>>> print(open('structure_7.pdb').read())   # PDB, C-alpha atoms
ATOM      1  CA  MET A1210      72.708 -49.473  26.299
ATOM      2  CA  GLY A1211      72.854 -48.967  22.527
ATOM      3  CA  THR A1212      72.825 -45.171  22.701
ATOM      4  CA  ASN A1213      74.268 -44.417  19.243
ATOM      5  CA  LYS A1214      72.433 -47.347  17.681
ATOM      6  CA  ASN A1215      69.159 -46.100  19.177
ATOM      7  CA  HIS A1216      69.855 -42.557  18.006
ATOM      8  CA  LYS A1217      70.531 -43.635  14.419
ATOM      9  CA  LEU A1218      67.465 -45.868  14.339
ATOM     10  CA  TYR A1219      65.070 -43.264  15.730
ATOM     11  CA  LEU A1220      66.566 -40.404  13.740
ATOM     12  CA  ARG A1221      65.709 -42.241  10.507
ATOM     13  CA  SER A1222      62.359 -43.700  11.484
ATOM     14  CA  SER A1223      60.634 -41.792  14.281
ATOM     15  CA  PRO A1224      58.852 -38.481  13.719
ATOM     16  CA  TYR A1225      58.224 -38.432  17.495
ATOM     17  CA  TYR A1226      61.982 -38.590  18.181
ATOM     18  CA  GLN A1227      62.675 -36.000  15.497
ATOM     19  CA  GLY A1228      60.196 -33.690  17.231
ATOM     20  CA  ILE A1229      61.924 -34.170  20.586
ATOM     21  CA  LEU A1230      65.275 -33.337  18.989
ATOM     22  CA  ALA A1231      63.859 -30.233  17.324
ATOM     23  CA  GLN A1232      62.229 -29.015  20.529
ATOM     24  CA  TRP A1233      64.753 -29.964  23.225
ATOM     25  CA  GLY A1234      67.796 -31.628  21.682
ATOM     26  CA  ARG A1235      69.110 -35.093  22.384
ATOM     27  CA  MET A1236      70.076 -34.707  26.036
ATOM     28  CA  LEU A1237      66.989 -34.043  28.111
ATOM     29  CA  SER A1238      66.778 -32.405  31.506
ATOM     30  CA  ALA A1239      65.011 -34.242  34.312
ATOM     31  CA  SER A1240      61.908 -32.084  33.831
ATOM     32  CA  GLN A1241      61.818 -32.702  30.063
ATOM     33  CA  ALA A1242      62.247 -36.464  30.495
ATOM     34  CA  GLY A1243      59.601 -36.383  33.224
ATOM     35  CA  ALA A1244      57.190 -34.592  30.892
ATOM     36  CA  ILE A1245      57.619 -37.318  28.264
ATOM     37  CA  LEU A1246      57.147 -40.046  30.860
ATOM     38  CA  ARG A1247      54.003 -38.349  32.235
ATOM     39  CA  GLU A1248      52.685 -38.019  28.673
ATOM     40  CA  HIS A1249      52.847 -41.815  28.482
ATOM     41  CA  SER A1250      51.763 -42.351  32.109
ATOM     42  CA  LEU A1251      55.021 -44.189  32.829
ATOM     43  CA  GLU A1252      56.835 -41.881  35.249
ATOM     44  CA  ALA A1253      56.352 -44.204  38.236
ATOM     45  CA  GLU A1254      57.534 -47.259  36.298
ATOM     46  CA  TYR A1255      60.643 -45.441  35.060
ATOM     47  CA  GLU A1256      61.482 -44.232  38.574
ATOM     48  CA  GLU A1257      60.942 -47.727  39.946
ATOM     49  CA  GLU A1258      63.496 -49.100  37.488
ATOM     50  CA  HIS A1259      65.984 -46.194  37.350
ATOM     51  CA  GLY A1260      65.324 -44.220  40.513
ATOM     52  CA  THR A1261      64.060 -40.681  40.800
ATOM     53  CA  LEU A1262      65.788 -38.299  38.417
ATOM     54  CA  SER A1263      67.820 -35.670  40.221
ATOM     55  CA  ALA A1264      67.209 -32.072  39.209
ATOM     56  CA  ASP A1265      70.524 -31.956  37.333
ATOM     57  CA  ALA A1266      70.070 -35.320  35.593
ATOM     58  CA  GLN A1267      70.563 -35.658  31.849
ATOM     59  CA  VAL A1268      68.645 -38.344  29.947
ATOM     60  CA  ASP A1269      69.483 -39.401  26.404
ATOM     61  CA  ALA A1270      66.260 -39.059  24.396
ATOM     62  CA  ALA A1271      67.139 -42.089  22.242
ATOM     63  CA  ASP A1272      67.575 -44.293  25.302
ATOM     64  CA  LEU A1273      64.347 -42.976  26.800
ATOM     65  CA  LEU A1274      62.425 -43.878  23.658
ATOM     66  CA  ALA A1275      64.050 -47.304  23.648
ATOM     67  CA  TRP A1276      62.929 -47.749  27.255
ATOM     68  CA  LEU A1277      59.411 -46.669  26.244
ATOM     69  CA  GLY A1278      59.501 -49.407  23.633
ATOM     70  CA  TYR A1279      59.355 -47.291  20.490
TER
END
>>> encode(input="structure_7.pdb", output="structure tokens")
Amino acid sequence: MGTNKNHKLYLRSSPYYQGILAQWGRMLSASQAGAILREHSLEAEYEEEHGTLSADAQVDAADLLAWLGY
């Protein structure tokens, strides 16, 4: 995935991403990523594609937003 490319793109153009960075940082815990997915009602779809996030999972916020289609 284009992790650094996604980060640079969203850092410049997405207030939503900037808010995530300010609140939680770039690497999200499973519960933080789950909260974002639930906010968009896409937790089941994400888990179907990527599997259930383990409790110690780390999710790159830029990649998550790219997956969400932002």
>>> atom_distance(input="structure_7.pdb", atom1="CA of Ser1222 (chain A)", atom2="CA of Glu1254 (chain A)")
25.5 Å
>>> closest_residue(input="structure_7.pdb", among="A:Gly1243, A:Ala1271, A:Lys1214, A:Tyr1279", to="Glu1256 (chain A)", atoms="all atoms listed in the file")
A:Gly1243
>>> residues_around(input="structure_7.pdb", residues="Leu1237 (chain A)", least_positions_apart="4", cutoff="8 Å", atoms="all atoms listed in the file", output="JSON, numbers by chain")
{"A": [1233, 1241, 1242, 1267, 1268, 1269, 1270]}
>>> axis_aligned_box(input="structure_7.pdb", around="region 1263-1276 of chain A", padding_each_side="3 Å", output="lines of an AutoDock Vina configuration file")
center_x = 66.5
center_y = -39.9
center_z = 31.2
size_x = 14.1
size_y = 21.8
size_z = 24.0
>>> atom_distance(input="structure_7.pdb", atom1="CA of Ala1266 (chain A)", atom2="CA of Thr1212 (chain A)")
16.5 Å
>>> residues_around(input="structure_7.pdb", residues="region 1223-1228 of chain A", least_positions_apart="3", cutoff="10 Å", atoms="only C-alpha atoms", output="number ranges by chain")
A: 1216, 1218-1220, 1231-1235, 1270-1271, 1273-1274, 1279
>>> closest_residue(input="structure_7.pdb", among="A:Leu1246, A:Ala1239, A:Leu1277, A:Leu1251", to="Asp1265 (chain A)", atoms="all atoms listed in the file")
A:Ala1239
>>> atom_distance(input="structure_7.pdb", atom1="CA of Glu1248 (chain A)", atom2="CA of Ile1229 (chain A)")
12.9 Å
>>> closest_residue(input="structure_7.pdb", among="A:Gly1260, A:Ala1275, A:Glu1252, A:Ile1245", to="Lys1217 (chain A)", atoms="all atoms listed in the file")
A:Ala1275
